[in-house]
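Structure file model.pdb with PDB, C-alpha atoms and all ligand atoms:
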ATOM      1  CA  MET A   5       0.000   0.000   0.000  1.00  0.00           C
ATOM      2  CA  GLY A   6       1.408   3.430  -1.019  1.00  0.00           C
ATOM      3  CA  VAL A   7       1.655   6.536   1.145  1.00  0.00           C
ATOM      4  CA  LEU A   8      -1.366   8.160  -0.585  1.00  0.00           C
ATOM      5  CA  ASP A   9      -3.510   5.096   0.172  1.00  0.00           C
ATOM      6  CA  GLN A  10      -2.994   5.819   3.871  1.00  0.00           C
ATOM      7  CA  PHE A  11      -5.048   9.036   3.438  1.00  0.00           C
ATOM      8  CA  GLU A  12      -7.923   6.874   2.186  1.00  0.00           C
ATOM      9  CA  HIS A  13      -7.492   3.916   4.558  1.00  0.00           C
ATOM     10  CA  PRO A  14      -5.386   5.066   7.519  1.00  0.00           C
ATOM     11  CA  HIS A  15      -4.182   2.187   9.651  1.00  0.00           C
ATOM     12  CA  GLY A  16      -1.333   1.168  11.934  1.00  0.00           C
ATOM     13  CA  THR A  17       1.635   3.446  12.658  1.00  0.00           C
ATOM     14  CA  PRO A  18       1.624   5.211   9.244  1.00  0.00           C
ATOM     15  CA  GLY A  19      -2.134   5.740   9.729  1.00  0.00           C
ATOM     16  CA  ARG A  20      -1.518   7.463  13.068  1.00  0.00           C
ATOM     17  CA  LEU A  21       0.992   9.747  11.349  1.00  0.00           C
ATOM     18  CA  VAL A  22      -1.601  10.494   8.630  1.00  0.00           C
ATOM     19  CA  GLY A  23      -4.076  11.410  11.397  1.00  0.00           C
ATOM     20  CA  TRP A  24      -1.649  14.005  12.784  1.00  0.00           C
ATOM     21  CA  ILE A  25      -1.108  15.426   9.281  1.00  0.00           C
ATOM     22  CA  LEU A  26      -4.887  15.630   8.704  1.00  0.00           C
ATOM     23  CA  THR A  27      -5.346  17.391  12.058  1.00  0.00           C
ATOM     24  CA  TRP A  28      -3.040  20.153  10.925  1.00  0.00           C
ATOM     25  CA  ALA A  29      -3.713  20.249   7.155  1.00  0.00           C
ATOM     26  CA  ASN A  30      -7.540  20.050   7.305  1.00  0.00           C
ATOM     27  CA  ARG A  31      -8.150  22.452  10.203  1.00  0.00           C
ATOM     28  CA  SER A  32      -8.991  25.447   8.009  1.00  0.00           C
ATOM     29  CA  ILE A  33     -11.381  23.565   5.679  1.00  0.00           C
ATOM     30  CA  ASN A  34     -13.244  22.234   8.726  1.00  0.00           C
ATOM     31  CA  GLU A  35     -13.315  25.669  10.413  1.00  0.00           C
ATOM     32  CA  ARG A  36     -14.911  27.151   7.299  1.00  0.00           C
ATOM     33  CA  LEU A  37     -17.472  24.403   6.781  1.00  0.00           C
ATOM     34  CA  VAL A  38     -18.523  24.509  10.449  1.00  0.00           C
ATOM     35  CA  ALA A  39     -18.882  28.311  10.157  1.00  0.00           C
ATOM     36  CA  GLU A  40     -21.055  27.902   7.014  1.00  0.00           C
ATOM     37  CA  LEU A  41     -23.546  25.866   9.058  1.00  0.00           C
ATOM     38  CA  THR A  42     -24.297  28.650  11.597  1.00  0.00           C
ATOM     39  CA  LEU A  43     -25.363  26.112  14.212  1.00  0.00           C
ATOM     40  CA  ARG A  44     -28.185  26.994  16.647  1.00  0.00           C
ATOM     41  CA  GLY A  45     -26.812  24.753  19.382  1.00  0.00           C
ATOM     42  CA  ASP A  46     -29.367  21.937  19.539  1.00  0.00           C
ATOM     43  CA  GLU A  47     -28.864  20.075  16.247  1.00  0.00           C
ATOM     44  CA  ARG A  48     -28.282  16.322  15.886  1.00  0.00           C
ATOM     45  CA  VAL A  49     -25.216  15.980  13.635  1.00  0.00           C
ATOM     46  CA  LEU A  50     -23.652  12.985  11.887  1.00  0.00           C
ATOM     47  CA  GLU A  51     -20.128  13.234  10.484  1.00  0.00           C
ATOM     48  CA  ILE A  52     -19.153  10.711   7.798  1.00  0.00           C
ATOM     49  CA  GLY A  53     -15.373  10.089   7.636  1.00  0.00           C
ATOM     50  CA  TYR A  54     -14.456  11.936  10.842  1.00  0.00           C
ATOM     51  CA  GLY A  55     -10.707  11.053  10.583  1.00  0.00           C
ATOM     52  CA  PRO A  56      -8.888  12.386  13.668  1.00  0.00           C
ATOM     53  CA  GLY A  57     -12.115  14.033  14.932  1.00  0.00           C
ATOM     54  CA  VAL A  58     -11.179  17.707  14.532  1.00  0.00           C
ATOM     55  CA  ALA A  59     -14.548  18.828  13.104  1.00  0.00           C
ATOM     56  CA  LEU A  60     -16.405  16.860  15.781  1.00  0.00           C
ATOM     57  CA  GLU A  61     -14.411  18.728  18.439  1.00  0.00           C
ATOM     58  CA  MET A  62     -15.226  22.088  16.802  1.00  0.00           C
ATOM     59  CA  MET A  63     -18.941  21.279  16.515  1.00  0.00           C
ATOM     60  CA  ALA A  64     -19.169  19.920  20.082  1.00  0.00           C
ATOM     61  CA  ALA A  65     -18.177  23.387  21.319  1.00  0.00           C
ATOM     62  CA  LYS A  66     -21.107  24.878  19.369  1.00  0.00           C
ATOM     63  CA  LEU A  67     -23.736  22.257  20.278  1.00  0.00           C
ATOM     64  CA  PRO A  68     -24.331  22.500  24.040  1.00  0.00           C
ATOM     65  CA  ARG A  69     -27.830  21.027  23.663  1.00  0.00           C
ATOM     66  CA  GLY A  70     -27.176  18.907  20.561  1.00  0.00           C
ATOM     67  CA  SER A  71     -25.651  15.509  19.830  1.00  0.00           C
ATOM     68  CA  LEU A  72     -22.905  14.216  17.549  1.00  0.00           C
ATOM     69  CA  SER A  73     -22.436  10.851  15.856  1.00  0.00           C
ATOM     70  CA  GLY A  74     -19.557   9.825  13.651  1.00  0.00           C
ATOM     71  CA  ILE A  75     -18.820   6.929  11.332  1.00  0.00           C
ATOM     72  CA  ASP A  76     -15.471   6.095   9.728  1.00  0.00           C
ATOM     73  CA  PRO A  77     -14.102   2.750   8.470  1.00  0.00           C
ATOM     74  CA  SER A  78     -10.749   3.209  10.254  1.00  0.00           C
ATOM     75  CA  GLU A  79     -10.107   1.888  13.799  1.00  0.00           C
ATOM     76  CA  THR A  80      -6.923   3.975  13.867  1.00  0.00           C
ATOM     77  CA  MET A  81      -8.947   7.147  13.234  1.00  0.00           C
ATOM     78  CA  ARG A  82     -11.498   6.170  15.871  1.00  0.00           C
ATOM     79  CA  SER A  83      -8.716   5.936  18.505  1.00  0.00           C
ATOM     80  CA  GLN A  84      -7.443   9.409  17.600  1.00  0.00           C
ATOM     81  CA  ALA A  85     -10.956  10.916  17.446  1.00  0.00           C
ATOM     82  CA  GLU A  86     -11.796   9.350  20.832  1.00  0.00           C
ATOM     83  CA  ARG A  87      -8.738  10.866  22.472  1.00  0.00           C
ATOM     84  CA  ARG A  88      -9.527  14.297  20.967  1.00  0.00           C
ATOM     85  CA  ASN A  89     -13.187  14.166  22.070  1.00  0.00           C
ATOM     86  CA  GLU A  90     -12.848  12.361  25.404  1.00  0.00           C
ATOM     87  CA  LYS A  91     -14.803  14.955  27.375  1.00  0.00           C
ATOM     88  CA  THR A  92     -17.810  15.048  25.011  1.00  0.00           C
ATOM     89  CA  LEU A  93     -17.866  11.244  24.814  1.00  0.00           C
ATOM     90  CA  HIS A  94     -17.947  11.014  28.619  1.00  0.00           C
ATOM     91  CA  GLN A  95     -20.777  13.546  28.716  1.00  0.00           C
ATOM     92  CA  GLY A  96     -22.773  11.166  26.476  1.00  0.00           C
ATOM     93  CA  ARG A  97     -23.195  13.793  23.744  1.00  0.00           C
ATOM     94  CA  MET A  98     -21.144  11.910  21.123  1.00  0.00           C
ATOM     95  CA  VAL A  99     -21.040   8.376  19.717  1.00  0.00           C
ATOM     96  CA  LEU A 100     -18.219   7.244  17.412  1.00  0.00           C
ATOM     97  CA  SER A 101     -18.618   4.166  15.220  1.00  0.00           C
ATOM     98  CA  VAL A 102     -16.334   2.228  12.907  1.00  0.00           C
ATOM     99  CA  GLY A 103     -18.324   1.164   9.874  1.00  0.00           C
ATOM    100  CA  ASP A 104     -19.265   1.375   6.243  1.00  0.00           C
ATOM    101  CA  SER A 105     -20.890   4.582   4.998  1.00  0.00           C
ATOM    102  CA  ALA A 106     -22.874   2.536   2.440  1.00  0.00           C
ATOM    103  CA  HIS A 107     -24.826   0.959   5.337  1.00  0.00           C
ATOM    104  CA  LEU A 108     -25.377   3.646   7.959  1.00  0.00           C
ATOM    105  CA  PRO A 109     -26.361   2.096  11.315  1.00  0.00           C
ATOM    106  CA  TYR A 110     -28.930   4.798  12.177  1.00  0.00           C
ATOM    107  CA  ALA A 111     -32.720   4.988  12.061  1.00  0.00           C
ATOM    108  CA  ASP A 112     -34.557   7.006   9.394  1.00  0.00           C
ATOM    109  CA  THR A 113     -34.674  10.821   9.943  1.00  0.00           C
ATOM    110  CA  SER A 114     -32.243  10.666  12.922  1.00  0.00           C
ATOM    111  CA  PHE A 115     -30.235  13.775  12.035  1.00  0.00           C
ATOM    112  CA  ASP A 116     -30.628  17.495  11.296  1.00  0.00           C
ATOM    113  CA  ILE A 117     -27.221  17.710   9.598  1.00  0.00           C
ATOM    114  CA  VAL A 118     -24.852  15.289   7.836  1.00  0.00           C
ATOM    115  CA  TYR A 119     -21.337  16.760   7.692  1.00  0.00           C
ATOM    116  CA  THR A 120     -18.501  15.418   5.546  1.00  0.00           C
ATOM    117  CA  ALA A 121     -15.085  16.930   4.734  1.00  0.00           C
ATOM    118  CA  ASN A 122     -12.570  15.562   2.206  1.00  0.00           C
ATOM    119  CA  ASN A 123     -14.653  12.438   2.073  1.00  0.00           C
ATOM    120  CA  VAL A 124     -17.432  12.504  -0.543  1.00  0.00           C
ATOM    121  CA  GLN A 125     -14.935  11.562  -3.284  1.00  0.00           C
ATOM    122  CA  LEU A 126     -14.354   8.268  -1.406  1.00  0.00           C
ATOM    123  CA  TRP A 127     -18.005   7.236  -1.109  1.00  0.00           C
ATOM    124  CA  SER A 128     -18.436   3.811  -2.638  1.00  0.00           C
ATOM    125  CA  PRO A 129     -20.717   3.415  -4.394  1.00  0.00           C
ATOM    126  CA  PHE A 130     -21.567   7.149  -4.272  1.00  0.00           C
ATOM    127  CA  PRO A 131     -25.325   6.799  -5.098  1.00  0.00           C
ATOM    128  CA  GLN A 132     -25.838   4.277  -2.302  1.00  0.00           C
ATOM    129  CA  VAL A 133     -24.080   6.394   0.344  1.00  0.00           C
ATOM    130  CA  LEU A 134     -26.049   9.464  -0.774  1.00  0.00           C
ATOM    131  CA  SER A 135     -29.279   7.494  -0.547  1.00  0.00           C
ATOM    132  CA  GLU A 136     -28.327   6.441   2.998  1.00  0.00           C
ATOM    133  CA  VAL A 137     -27.607  10.097   3.872  1.00  0.00           C
ATOM    134  CA  HIS A 138     -31.042  11.040   2.521  1.00  0.00           C
ATOM    135  CA  ARG A 139     -32.667   8.316   4.631  1.00  0.00           C
ATOM    136  CA  VAL A 140     -31.018   9.312   7.941  1.00  0.00           C
ATOM    137  CA  LEU A 141     -31.603  13.081   7.464  1.00  0.00           C
ATOM    138  CA  ARG A 142     -34.965  14.533   8.459  1.00  0.00           C
ATOM    139  CA  PRO A 143     -36.868  16.324   5.661  1.00  0.00           C
ATOM    140  CA  GLY A 144     -35.509  19.888   5.699  1.00  0.00           C
ATOM    141  CA  GLY A 145     -32.201  18.666   7.180  1.00  0.00           C
ATOM    142  CA  ARG A 146     -28.909  19.714   5.577  1.00  0.00           C
ATOM    143  CA  ILE A 147     -25.935  17.966   4.012  1.00  0.00           C
ATOM    144  CA  ALA A 148     -22.673  19.928   4.330  1.00  0.00           C
ATOM    145  CA  ILE A 149     -19.767  18.956   2.090  1.00  0.00           C
ATOM    146  CA  ALA A 150     -16.227  20.283   1.715  1.00  0.00           C
ATOM    147  CA  VAL A 151     -13.472  19.001  -0.571  1.00  0.00           C
ATOM    148  CA  GLN A 152      -9.989  20.402  -1.146  1.00  0.00           C
ATOM    149  CA  GLY A 153      -8.642  20.411  -4.699  1.00  0.00           C
ATOM    150  CA  VAL A 154      -5.628  18.403  -3.624  1.00  0.00           C
ATOM    151  CA  ALA A 155      -7.882  15.603  -2.270  1.00  0.00           C
ATOM    152  CA  ALA A 156     -10.107  15.695  -5.382  1.00  0.00           C
ATOM    153  CA  ARG A 157      -7.023  15.218  -7.579  1.00  0.00           C
ATOM    154  CA  ALA A 158      -5.332  12.548  -5.444  1.00  0.00           C
ATOM    155  CA  GLN A 159      -8.561  10.570  -4.998  1.00  0.00           C
ATOM    156  CA  ALA A 160     -10.194  11.170  -8.407  1.00  0.00           C
ATOM    157  CA  GLY A 161     -13.207   8.935  -9.004  1.00  0.00           C
ATOM    158  CA  PRO A 162     -16.680   8.929 -10.537  1.00  0.00           C
ATOM    159  CA  LEU A 163     -17.415  12.465  -9.234  1.00  0.00           C
ATOM    160  CA  GLY A 164     -14.388  13.897 -11.058  1.00  0.00           C
ATOM    161  CA  GLY A 165     -10.764  14.803 -10.513  1.00  0.00           C
ATOM    162  CA  ASN A 166     -10.985  18.488  -9.558  1.00  0.00           C
ATOM    163  CA  ILE A 167     -13.366  20.665  -7.595  1.00  0.00           C
ATOM    164  CA  ASP A 168     -15.159  22.079 -10.684  1.00  0.00           C
ATOM    165  CA  GLU A 169     -16.047  18.548 -11.802  1.00  0.00           C
ATOM    166  CA  LEU A 170     -17.039  17.642  -8.262  1.00  0.00           C
ATOM    167  CA  ASP A 171     -19.264  20.730  -8.102  1.00  0.00           C
ATOM    168  CA  ARG A 172     -21.047  19.689 -11.328  1.00  0.00           C
ATOM    169  CA  SER A 173     -21.507  16.089 -10.113  1.00  0.00           C
ATOM    170  CA  LEU A 174     -22.819  17.192  -6.717  1.00  0.00           C
ATOM    171  CA  ARG A 175     -25.200  19.751  -8.272  1.00  0.00           C
ATOM    172  CA  ALA A 176     -26.681  16.967 -10.429  1.00  0.00           C
ATOM    173  CA  ALA A 177     -26.931  14.495  -7.545  1.00  0.00           C
ATOM    174  CA  LEU A 178     -28.339  16.977  -5.007  1.00  0.00           C
ATOM    175  CA  SER A 179     -31.257  18.041  -7.176  1.00  0.00           C
ATOM    176  CA  PRO A 180     -35.071  17.900  -6.770  1.00  0.00           C
ATOM    177  CA  PRO A 181     -37.153  16.105  -5.749  1.00  0.00           C
ATOM    178  CA  GLY A 182     -34.822  14.378  -3.263  1.00  0.00           C
ATOM    179  CA  TRP A 183     -32.752  17.503  -2.606  1.00  0.00           C
ATOM    180  CA  ARG A 184     -33.119  21.262  -3.000  1.00  0.00           C
ATOM    181  CA  ASP A 185     -31.275  24.581  -2.555  1.00  0.00           C
ATOM    182  CA  TYR A 186     -27.806  23.340  -3.603  1.00  0.00           C
ATOM    183  CA  ARG A 187     -25.481  26.189  -2.575  1.00  0.00           C
ATOM    184  CA  PRO A 188     -21.792  25.862  -3.595  1.00  0.00           C
ATOM    185  CA  LYS A 189     -18.895  28.186  -2.767  1.00  0.00           C
ATOM    186  CA  VAL A 190     -15.304  27.932  -3.936  1.00  0.00           C
ATOM    187  CA  GLN A 191     -12.721  29.496  -1.621  1.00  0.00           C
ATOM    188  CA  ARG A 192      -8.961  29.641  -1.632  1.00  0.00           C
ATOM    189  CA  LEU A 193      -7.231  28.216   1.449  1.00  0.00           C
ATOM    190  CA  TRP A 194      -3.483  28.012   2.137  1.00  0.00           C
ATOM    191  CA  THR A 195      -3.749  24.440   0.754  1.00  0.00           C
ATOM    192  CA  GLY A 196      -5.331  25.641  -2.540  1.00  0.00           C
ATOM    193  CA  ARG A 197      -8.915  25.898  -3.791  1.00  0.00           C
ATOM    194  CA  ALA A 198     -11.674  24.132  -1.919  1.00  0.00           C
ATOM    195  CA  LEU A 199     -15.364  23.508  -2.620  1.00  0.00           C
ATOM    196  CA  PHE A 200     -17.963  24.044   0.113  1.00  0.00           C
ATOM    197  CA  ALA A 201     -21.519  22.915  -0.674  1.00  0.00           C
ATOM    198  CA  ILE A 202     -24.701  22.767   1.355  1.00  0.00           C
ATOM    199  CA  ALA A 203     -28.033  21.287   0.219  1.00  0.00           C
ATOM    200  CA  VAL A 204     -31.354  20.617   1.911  1.00  0.00           C
ATOM    201  CA  ARG A 205     -33.163  17.272   2.004  1.00  0.00           C
ATOM    202  CA  GLY A 206     -36.411  17.550   0.056  1.00  0.00           C
ATOM    203  CA  ALA A 207     -39.108  14.917  -0.249  1.00  0.00           C
TER
HETATM  204  C1  LIG B   1      -8.715  12.482   3.963  1.00  0.00           C
HETATM  205  S1  LIG B   1      -9.435  11.816   5.457  1.00  0.00           S
HETATM  206  C2  LIG B   1     -10.475  13.160   5.996  1.00  0.00           C
HETATM  207  C3  LIG B   1     -10.738  13.091   7.474  1.00  0.00           C
HETATM  208  C4  LIG B   1     -11.488  14.278   8.085  1.00  0.00           C
HETATM  209  N1  LIG B   1     -12.823  14.429   7.562  1.00  0.00           N
HETATM  210  C5  LIG B   1     -10.741  15.581   7.971  1.00  0.00           C
HETATM  211  O1  LIG B   1     -11.307  16.576   7.525  1.00  0.00           O
HETATM  212  O2  LIG B   1      -9.571  15.614   8.340  1.00  0.00           O
HETATM  213  C6  LIG B   1     -10.508  10.623   4.849  1.00  0.00           C
HETATM  214  C7  LIG B   1     -11.237   9.769   5.914  1.00  0.00           C
HETATM  215  O3  LIG B   1     -12.270   9.045   5.251  1.00  0.00           O
HETATM  216  C8  LIG B   1     -12.329   7.739   5.748  1.00  0.00           C
HETATM  217  N2  LIG B   1     -12.926   6.910   4.674  1.00  0.00           N
HETATM  218  C9  LIG B   1     -12.312   6.138   3.750  1.00  0.00           C
HETATM  219  N3  LIG B   1     -13.203   5.552   2.938  1.00  0.00           N
HETATM  220  C10 LIG B   1     -14.429   5.981   3.339  1.00  0.00           C
HETATM  221  C11 LIG B   1     -15.766   5.736   2.916  1.00  0.00           C
HETATM  222  N4  LIG B   1     -16.023   4.932   1.876  1.00  0.00           N
HETATM  223  N5  LIG B   1     -16.771   6.324   3.584  1.00  0.00           N
HETATM  224  C12 LIG B   1     -16.534   7.127   4.629  1.00  0.00           C
HETATM  225  N6  LIG B   1     -15.293   7.411   5.086  1.00  0.00           N
HETATM  226  C13 LIG B   1     -14.254   6.842   4.457  1.00  0.00           C
HETATM  227  C14 LIG B   1     -10.903   7.399   6.124  1.00  0.00           C
HETATM  228  O4  LIG B   1     -10.845   6.373   7.079  1.00  0.00           O
HETATM  229  C15 LIG B   1     -10.399   8.753   6.648  1.00  0.00           C
HETATM  230  O5  LIG B   1     -10.606   8.878   8.034  1.00  0.00           O
END
Could you show the structure in this file as structure tokens?
Ligand SMILES: C[S@@+](CC[C@H](N)C(=O)[O-])C[C@H]1O[C@@H](n2cnc3c(N)ncnc32)[C@H](O)[C@@H]1O
Amino acid sequence: MGVLDQFEHPHGTPGRLVGWILTWANRSINERLVAELTLRGDERVLEIGYGPGVALEMMAAKLPRGSLSGIDPSETMRSQAERRNEKTLHQGRMVLSVGDSAHLPYADTSFDIVYTANNVQLWSPFPQVLSEVHRVLRPGGRIAIAVQGVAARAQAGPLGGNIDELDRSLRAALSPPGWRDYRPKVQRLWTGRALFAIAVRGA
């Protein structure tokens, strides 16, 4: 397995190193996506592909009356995310799972928000994961997506190999009647261009 594969499937000692890199390199994309959500403080949030748990930590500080769940296929990432979010886990406001995003272990309409950063390009198969996201979101709930250009290029797949292609694929997938109000923004970070997109679950 090559070094780049560790960013997709972090495990073992190299995976722990990848987690530290992600903590530092993905902080600004997560700060911006969390800010885009303008949380009220009582939302039920699911993060898909939480990695080292940085966004969960940021959102926990803004959700005093809310709850957080996370799912990621990597045990190594769960250990790092657990250490980072120890206090919130002990308070019973957060649950972290290791699992497959194509089979989300949550009841229908469990969440107000599904959050995912540098992750949507890994969804496999993409239509099935999106259909699971639709199922677990309440009608009117939001999906929040961010992807950095560097991740889109390194992990090019059916959605495209750069953020303009990803934007077009997401606009088509997050369209009525299942979805509405697709709102994309492209911003430049110190790591390059990044796409931020929010859409609302329709029928
Ligand atoms: C590049 S990291 C991003 C982590 C984190 N969201 C961040 O902003 O730093 C990708 C993460 O996606 C997870 N992952 C890999 N394949 C996945 C899939 N099919 N569905 C959900 N998560 C996946 C990996 O285990 C890893 O934690």
Quick one: contact table of chain A to ligand LIG 1 (chain B), 7 Å max, nearest atom pair and distance in Å to one decimal per residue, counting all atoms listed in the file, chain and number order, as a Markdown table?
| residue | atom | partner | partner_atom | distance |
| --- | --- | --- | --- | --- |
| A:Phe11 | CA | B:LIG1 | C1 | 5.1 |
| A:Glu12 | CA | B:LIG1 | C9 | 4.7 |
| A:His13 | CA | B:LIG1 | O4 | 4.9 |
| A:Pro14 | CA | B:LIG1 | O4 | 5.6 |
| A:Leu26 | CA | B:LIG1 | O2 | 4.7 |
| A:Thr27 | CA | B:LIG1 | O2 | 5.9 |
| A:Asn30 | CA | B:LIG1 | O2 | 5.0 |
| A:Asn34 | CA | B:LIG1 | O1 | 6.1 |
| A:Ile52 | CA | B:LIG1 | C12 | 5.5 |
| A:Gly53 | CA | B:LIG1 | N6 | 3.7 |
| A:Tyr54 | CA | B:LIG1 | N1 | 4.4 |
| A:Gly55 | CA | B:LIG1 | O5 | 3.4 |
| A:Pro56 | CA | B:LIG1 | O2 | 6.3 |
| A:Gly57 | CA | B:LIG1 | C4 | 6.9 |
| A:Val58 | CA | B:LIG1 | O2 | 6.7 |
| A:Ala59 | CA | B:LIG1 | O1 | 6.8 |
| A:Asp76 | CA | B:LIG1 | N6 | 4.8 |
| A:Pro77 | CA | B:LIG1 | O4 | 5.1 |
| A:Ser78 | CA | B:LIG1 | O4 | 4.5 |
| A:Met81 | CA | B:LIG1 | O5 | 5.7 |
| A:Asp104 | CA | B:LIG1 | N5 | 6.1 |
| A:Ser105 | CA | B:LIG1 | N5 | 4.7 |
| A:Thr120 | CA | B:LIG1 | N1 | 6.1 |
| A:Ala121 | CA | B:LIG1 | N1 | 4.4 |
| A:Asn122 | CA | B:LIG1 | C2 | 5.0 |
| A:Asn123 | CA | B:LIG1 | O3 | 5.2 |
| A:Leu126 | CA | B:LIG1 | N4 | 5.0 |
| A:Trp127 | CA | B:LIG1 | N4 | 4.3 |
| A:Ser128 | CA | B:LIG1 | N4 | 5.2 |
(request) Check which residues satisfy the PyMOL selection byres (((chain A and resi 201-207) around 6) and not hetatm) in the file shown, then give them as a ChimeraX atom specification. (result) /A:143-149,181-188,200
(request) Quote the spacing between CA of Ser73 in chain A and CA of Ser101 in chain A in Å to one decimal place. (result)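 Separation of CA of Ser73 in chain A and CA of Ser101 in chain A: 7.7 Å.
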(request) Quick one: everything within 9 Å of range 107-114 of chain A, counting only C-alpha atoms, minus sequence neighbours fewer than 3 positions away in the same chain. Send it as a list in words. (result)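 Counting only C-alpha atoms, the residues come to Arg48, Val49, Leu50, Ile75, Ser101, Gly103, Asp104, Gln132, Val133, Glu136, Val137, His138, Arg139, Val140, Leu141, Arg142, Pro143 and Gly145 of chain A.
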(request) One decimal, Å: what's the distance from CA of Gln125 in chain A over to CA of Arg87 in chain A, could you say? (result)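 Rounded to one decimal, the two atoms are 26.5 Å apart.
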(request) Mind giving me the straight-line distance from CA of Asn166 in chain A to CA of Gly153 in chain A in Å, one decimal? (result)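 It comes out at 5.7 Å.
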Would you kindly place all heavy atoms on range 9-15 of chain A and return the model as a PDB file, in the frame of the given file?
ATOM      1  N   ASP A   9      -2.412   5.978  -0.249  1.00  0.00           N
ATOM      2  CA  ASP A   9      -3.510   5.096   0.172  1.00  0.00           C
ATOM      3  C   ASP A   9      -3.806   5.250   1.655  1.00  0.00           C
ATOM      4  O   ASP A   9      -4.918   5.010   2.107  1.00  0.00           O
ATOM      5  CB  ASP A   9      -3.171   3.627  -0.134  1.00  0.00           C
ATOM      6  CG  ASP A   9      -3.070   3.378  -1.627  1.00  0.00           C
ATOM      7  OD1 ASP A   9      -3.839   4.004  -2.374  1.00  0.00           O
ATOM      8  OD2 ASP A   9      -2.224   2.573  -2.034  1.00  0.00           O
ATOM      9  N   GLN A  10      -2.791   5.646   2.427  1.00  0.00           N
ATOM     10  CA  GLN A  10      -2.994   5.819   3.871  1.00  0.00           C
ATOM     11  C   GLN A  10      -3.967   6.970   4.157  1.00  0.00           C
ATOM     12  O   GLN A  10      -4.613   6.980   5.196  1.00  0.00           O
ATOM     13  CB  GLN A  10      -1.652   6.085   4.577  1.00  0.00           C
ATOM     14  CG  GLN A  10      -0.844   4.830   4.836  1.00  0.00           C
ATOM     15  CD  GLN A  10      -1.406   3.973   5.982  1.00  0.00           C
ATOM     16  OE1 GLN A  10      -2.237   4.408   6.772  1.00  0.00           O
ATOM     17  NE2 GLN A  10      -0.944   2.741   6.066  1.00  0.00           N
ATOM     18  N   PHE A  11      -4.099   7.932   3.230  1.00  0.00           N
ATOM     19  CA  PHE A  11      -5.048   9.036   3.438  1.00  0.00           C
ATOM     20  C   PHE A  11      -6.480   8.557   3.198  1.00  0.00           C
ATOM     21  O   PHE A  11      -7.427   9.183   3.645  1.00  0.00           O
ATOM     22  CB  PHE A  11      -4.701  10.225   2.529  1.00  0.00           C
ATOM     23  CG  PHE A  11      -3.496  10.973   3.016  1.00  0.00           C
ATOM     24  CD1 PHE A  11      -2.216  10.546   2.705  1.00  0.00           C
ATOM     25  CD2 PHE A  11      -3.645  12.087   3.835  1.00  0.00           C
ATOM     26  CE1 PHE A  11      -1.106  11.211   3.175  1.00  0.00           C
ATOM     27  CE2 PHE A  11      -2.536  12.767   4.317  1.00  0.00           C
ATOM     28  CZ  PHE A  11      -1.265  12.334   3.983  1.00  0.00           C
ATOM     29  N   GLU A  12      -6.600   7.438   2.449  1.00  0.00           N
ATOM     30  CA  GLU A  12      -7.923   6.874   2.186  1.00  0.00           C
ATOM     31  C   GLU A  12      -8.260   5.809   3.222  1.00  0.00           C
ATOM     32  O   GLU A  12      -9.392   5.723   3.691  1.00  0.00           O
ATOM     33  CB  GLU A  12      -7.909   6.266   0.770  1.00  0.00           C
ATOM     34  CG  GLU A  12      -9.266   5.874   0.275  1.00  0.00           C
ATOM     35  CD  GLU A  12      -9.227   5.522  -1.219  1.00  0.00           C
ATOM     36  OE1 GLU A  12      -8.329   6.000  -1.943  1.00  0.00           O
ATOM     37  OE2 GLU A  12     -10.105   4.750  -1.636  1.00  0.00           O
ATOM     38  N   HIS A  13      -7.261   4.995   3.583  1.00  0.00           N
ATOM     39  CA  HIS A  13      -7.492   3.916   4.558  1.00  0.00           C
ATOM     40  C   HIS A  13      -6.403   3.962   5.629  1.00  0.00           C
ATOM     41  O   HIS A  13      -5.514   3.112   5.651  1.00  0.00           O
ATOM     42  CB  HIS A  13      -7.461   2.542   3.857  1.00  0.00           C
ATOM     43  CG  HIS A  13      -8.492   2.404   2.785  1.00  0.00           C
ATOM     44  ND1 HIS A  13      -9.851   2.394   3.053  1.00  0.00           N
ATOM     45  CD2 HIS A  13      -8.388   2.294   1.441  1.00  0.00           C
ATOM     46  CE1 HIS A  13     -10.526   2.273   1.925  1.00  0.00           C
ATOM     47  NE2 HIS A  13      -9.655   2.233   0.932  1.00  0.00           N
ATOM     48  N   PRO A  14      -6.455   4.973   6.520  1.00  0.00           N
ATOM     49  CA  PRO A  14      -5.386   5.066   7.519  1.00  0.00           C
ATOM     50  C   PRO A  14      -5.405   3.883   8.490  1.00  0.00           C
ATOM     51  O   PRO A  14      -6.461   3.546   9.023  1.00  0.00           O
ATOM     52  CB  PRO A  14      -5.707   6.378   8.263  1.00  0.00           C
ATOM     53  CG  PRO A  14      -6.996   6.890   7.728  1.00  0.00           C
ATOM     54  CD  PRO A  14      -7.473   6.003   6.641  1.00  0.00           C
ATOM     55  N   HIS A  15      -4.247   3.265   8.671  1.00  0.00           N
ATOM     56  CA  HIS A  15      -4.182   2.187   9.651  1.00  0.00           C
ATOM     57  C   HIS A  15      -2.753   2.013  10.146  1.00  0.00           C
ATOM     58  O   HIS A  15      -1.796   2.378   9.464  1.00  0.00           O
ATOM     59  CB  HIS A  15      -4.724   0.868   9.069  1.00  0.00           C
ATOM     60  CG  HIS A  15      -3.913   0.360   7.916  1.00  0.00           C
ATOM     61  ND1 HIS A  15      -4.104   0.796   6.635  1.00  0.00           N
ATOM     62  CD2 HIS A  15      -2.896  -0.523   7.868  1.00  0.00           C
ATOM     63  CE1 HIS A  15      -3.232   0.190   5.833  1.00  0.00           C
ATOM     64  NE2 HIS A  15      -2.489  -0.608   6.564  1.00  0.00           N
TER      65      HIS A  15
END
